[in-house]
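Chemist: Here you go, one structure.
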Amino acid sequence: GRSMMIPSKTRQFSIARRKSLPLLMSLSSSNEITTTNSHQEQSSYNRVDGILRLWRTFFAKVDEVGLTLKARAINAQENADIRKETDPLLWITFGIQASVLYSCFILYRAYRGFFVILPAVFRSVYRKLEAAMEEGPFDGKNPPALKGGSIAMVEEEYPPQNERVRLRVAIVVTTLAFAVTCSYAVTGAYRVVSKFIGNLIRTKSVHHSIGAAADTVLENEIKMMDYSNKNQTAGGTVQSELKP
């Protein structure tokens, strides 16, 4: 009888091991999948981080080159003016070089204005419009005449109405701020084009006219930055965002 019990226990252990084998395999597979997913997420993060670093390096190089464009254009313009009477070929060569450099400088400042200055101006306009529309007649508060009157203490605000009012105010303020910012951008572009055409008619010099337009671009930037920096935020001015 004892010899019969040993095989029976062995058989039971074998059956239990076979039953637990799929569970162990499932746990092992789950651990492998988790490890694989973790490696894939880390790899994706590294790729995104590498792309962001590449873009930051690219824009840093653009800024580095862009800041030298005007000085190089002025140098080429001076060389063209010196050789205007003595060497017409070099005068044309340096004039073309100055025109190209001034044009690249204008494009660089336009890129910077679109991505840096105009967003700051938009935020400034938005804050001013939002402050002007804070105290509206339909902000959800009951009129003072009803306080303590026949309607018992109706001083509470109505959240659904307030939410709707805030949403409408946000939409209106965003639309107006966008329109105002676009009008500033169009006005600045008009000033640049007008300066170029007026100077070209007066001097008959292309590179001098483009140089005058580049100076107007910088004047526009200064005006826009001064306008933005007047607006106070909770942490101070937005001057830290805008550097000439």
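Residues in the structure tokens are named by chain (A, B, ... in the order shown) and by number from 1 within that chain; ligands are numbered from 1 in the order shown.
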Need the shell around Phe114 of chain A: protein/DNA/RNA residues with any atom at most 9 Å away, counting only C-alpha atoms. Skip same-chain ones fewer than 5 positions apart. Format as an NGL selection string?
Modeler: :A and (109 or 119 or 185)
Chemist: Output C-alpha atoms of each residue in that selection to a file, as a tab-separated table (two decimals), in the first residue's frame.
Modeler:
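Below you can see out_1.tsv, which holds the result:
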chain	number	residue	atom	x	y	z
A	109	ARG	CA	13.81	89.16	-39.17
A	119	PRO	CA	2.97	85.74	-30.47
A	185	ALA	CA	1.63	92.86	-39.05
Chemist: Could you name the residues that touch segment 54-60 of chain A at 12 Å or less, counting only C-alpha atoms, but leaving out those on the same chain fewer than 5 positions away, as number ranges by chain?
Modeler: A: 47-49, 65-67, 108, 111-112, 115
Chemist: For those residues, write all heavy atoms to a file as a PDB file, in the first residue's frame.
Modeler:
ATOM      1  N   ARG A  47      14.584  59.102 -29.780  1.00  0.00           N
ATOM      2  CA  ARG A  47      14.473  59.637 -31.146  1.00  0.00           C
ATOM      3  C   ARG A  47      13.872  61.037 -31.130  1.00  0.00           C
ATOM      4  O   ARG A  47      14.362  61.940 -31.802  1.00  0.00           O
ATOM      5  CB  ARG A  47      13.631  58.698 -32.011  1.00  0.00           C
ATOM      6  CG  ARG A  47      14.374  57.478 -32.520  1.00  0.00           C
ATOM      7  CD  ARG A  47      13.647  56.858 -33.700  1.00  0.00           C
ATOM      8  NE  ARG A  47      12.327  56.394 -33.320  1.00  0.00           N
ATOM      9  CZ  ARG A  47      12.049  55.184 -32.860  1.00  0.00           C
ATOM     10  NH1 ARG A  47      13.034  54.311 -32.712  1.00  0.00           N
ATOM     11  NH2 ARG A  47      10.826  54.842 -32.548  1.00  0.00           N
ATOM     12  N   VAL A  48      12.782  61.211 -30.354  1.00  0.00           N
ATOM     13  CA  VAL A  48      12.140  62.532 -30.275  1.00  0.00           C
ATOM     14  C   VAL A  48      13.099  63.551 -29.684  1.00  0.00           C
ATOM     15  O   VAL A  48      13.212  64.685 -30.171  1.00  0.00           O
ATOM     16  CB  VAL A  48      10.841  62.436 -29.446  1.00  0.00           C
ATOM     17  CG1 VAL A  48      10.287  63.826 -29.174  1.00  0.00           C
ATOM     18  CG2 VAL A  48       9.811  61.586 -30.155  1.00  0.00           C
ATOM     19  N   ASP A  49      13.794  63.162 -28.622  1.00  0.00           N
ATOM     20  CA  ASP A  49      14.749  64.070 -27.986  1.00  0.00           C
ATOM     21  C   ASP A  49      15.871  64.437 -28.952  1.00  0.00           C
ATOM     22  O   ASP A  49      16.309  65.594 -29.003  1.00  0.00           O
ATOM     23  CB  ASP A  49      15.330  63.408 -26.739  1.00  0.00           C
ATOM     24  CG  ASP A  49      16.190  64.375 -25.927  1.00  0.00           C
ATOM     25  OD1 ASP A  49      15.672  65.425 -25.511  1.00  0.00           O
ATOM     26  OD2 ASP A  49      17.381  64.085 -25.722  1.00  0.00           O
ATOM     27  N   VAL A  65      23.855  83.003 -37.811  1.00  0.00           N
ATOM     28  CA  VAL A  65      24.142  83.543 -39.146  1.00  0.00           C
ATOM     29  C   VAL A  65      23.331  84.815 -39.393  1.00  0.00           C
ATOM     30  O   VAL A  65      23.833  85.800 -39.943  1.00  0.00           O
ATOM     31  CB  VAL A  65      23.834  82.490 -40.224  1.00  0.00           C
ATOM     32  CG1 VAL A  65      23.976  83.088 -41.624  1.00  0.00           C
ATOM     33  CG2 VAL A  65      24.777  81.289 -40.077  1.00  0.00           C
ATOM     34  N   GLY A  66      22.055  84.794 -38.971  1.00  0.00           N
ATOM     35  CA  GLY A  66      21.185  85.937 -39.230  1.00  0.00           C
ATOM     36  C   GLY A  66      21.666  87.216 -38.582  1.00  0.00           C
ATOM     37  O   GLY A  66      21.506  88.308 -39.150  1.00  0.00           O
ATOM     38  N   LEU A  67      22.265  87.103 -37.400  1.00  0.00           N
ATOM     39  CA  LEU A  67      22.744  88.301 -36.714  1.00  0.00           C
ATOM     40  C   LEU A  67      23.924  88.958 -37.419  1.00  0.00           C
ATOM     41  O   LEU A  67      24.226  90.127 -37.166  1.00  0.00           O
ATOM     42  CB  LEU A  67      23.134  87.948 -35.272  1.00  0.00           C
ATOM     43  CG  LEU A  67      21.966  87.560 -34.351  1.00  0.00           C
ATOM     44  CD1 LEU A  67      22.483  87.056 -33.010  1.00  0.00           C
ATOM     45  CD2 LEU A  67      21.015  88.728 -34.160  1.00  0.00           C
ATOM     46  N   TYR A 108      15.119  86.843 -42.461  1.00  0.00           N
ATOM     47  CA  TYR A 108      15.444  86.338 -41.120  1.00  0.00           C
ATOM     48  C   TYR A 108      14.640  87.080 -40.055  1.00  0.00           C
ATOM     49  O   TYR A 108      14.079  86.468 -39.137  1.00  0.00           O
ATOM     50  CB  TYR A 108      16.947  86.497 -40.860  1.00  0.00           C
ATOM     51  CG  TYR A 108      17.317  86.415 -39.398  1.00  0.00           C
ATOM     52  CD1 TYR A 108      17.223  85.207 -38.706  1.00  0.00           C
ATOM     53  CD2 TYR A 108      17.752  87.555 -38.711  1.00  0.00           C
ATOM     54  CE1 TYR A 108      17.551  85.141 -37.358  1.00  0.00           C
ATOM     55  CE2 TYR A 108      18.085  87.478 -37.366  1.00  0.00           C
ATOM     56  CZ  TYR A 108      17.985  86.272 -36.700  1.00  0.00           C
ATOM     57  OH  TYR A 108      18.299  86.218 -35.369  1.00  0.00           O
ATOM     58  N   TYR A 111      11.046  85.943 -40.172  1.00  0.00           N
ATOM     59  CA  TYR A 111      10.875  84.648 -39.498  1.00  0.00           C
ATOM     60  C   TYR A 111      10.855  84.842 -37.978  1.00  0.00           C
ATOM     61  O   TYR A 111      10.018  84.276 -37.271  1.00  0.00           O
ATOM     62  CB  TYR A 111      11.999  83.697 -39.918  1.00  0.00           C
ATOM     63  CG  TYR A 111      12.643  82.917 -38.800  1.00  0.00           C
ATOM     64  CD1 TYR A 111      12.031  81.790 -38.263  1.00  0.00           C
ATOM     65  CD2 TYR A 111      13.867  83.325 -38.266  1.00  0.00           C
ATOM     66  CE1 TYR A 111      12.623  81.091 -37.221  1.00  0.00           C
ATOM     67  CE2 TYR A 111      14.461  82.630 -37.232  1.00  0.00           C
ATOM     68  CZ  TYR A 111      13.843  81.513 -36.715  1.00  0.00           C
ATOM     69  OH  TYR A 111      14.426  80.823 -35.689  1.00  0.00           O
ATOM     70  N   ARG A 112      11.778  85.644 -37.480  1.00  0.00           N
ATOM     71  CA  ARG A 112      11.849  85.875 -36.036  1.00  0.00           C
ATOM     72  C   ARG A 112      10.600  86.614 -35.541  1.00  0.00           C
ATOM     73  O   ARG A 112      10.057  86.307 -34.470  1.00  0.00           O
ATOM     74  CB  ARG A 112      13.101  86.678 -35.703  1.00  0.00           C
ATOM     75  CG  ARG A 112      13.327  86.887 -34.221  1.00  0.00           C
ATOM     76  CD  ARG A 112      14.604  87.669 -33.960  1.00  0.00           C
ATOM     77  NE  ARG A 112      14.795  87.903 -32.540  1.00  0.00           N
ATOM     78  CZ  ARG A 112      14.259  88.904 -31.870  1.00  0.00           C
ATOM     79  NH1 ARG A 112      13.481  89.761 -32.499  1.00  0.00           N
ATOM     80  NH2 ARG A 112      14.475  89.048 -30.572  1.00  0.00           N
ATOM     81  N   PHE A 115       7.570  84.109 -35.370  1.00  0.00           N
ATOM     82  CA  PHE A 115       7.598  83.071 -34.338  1.00  0.00           C
ATOM     83  C   PHE A 115       7.862  83.609 -32.935  1.00  0.00           C
ATOM     84  O   PHE A 115       7.612  82.887 -31.961  1.00  0.00           O
ATOM     85  CB  PHE A 115       8.652  82.014 -34.673  1.00  0.00           C
ATOM     86  CG  PHE A 115       8.266  81.130 -35.823  1.00  0.00           C
ATOM     87  CD1 PHE A 115       8.851  81.291 -37.064  1.00  0.00           C
ATOM     88  CD2 PHE A 115       7.308  80.144 -35.665  1.00  0.00           C
ATOM     89  CE1 PHE A 115       8.490  80.483 -38.125  1.00  0.00           C
ATOM     90  CE2 PHE A 115       6.941  79.330 -36.723  1.00  0.00           C
ATOM     91  CZ  PHE A 115       7.538  79.500 -37.960  1.00  0.00           C
TER      92      PHE A 115
END
Chemist: Between atom CA of Val169 of chain A and atom CA of Asp226 of chain A, what is the distance in Å, rounded to a tenth?
Modeler: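 Going from atom CA of Val169 of chain A over to atom CA of Asp226 of chain A covers 26.8 Å.
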Chemist: Which one is closest to Ser205 of chain A: A:Lys61, A:Arg72, A:Arg127, A:Lys84? Count only C-alpha atoms.
Modeler: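 Ranked by minimum distance to Ser205 of chain A, first place goes to A:Lys84.
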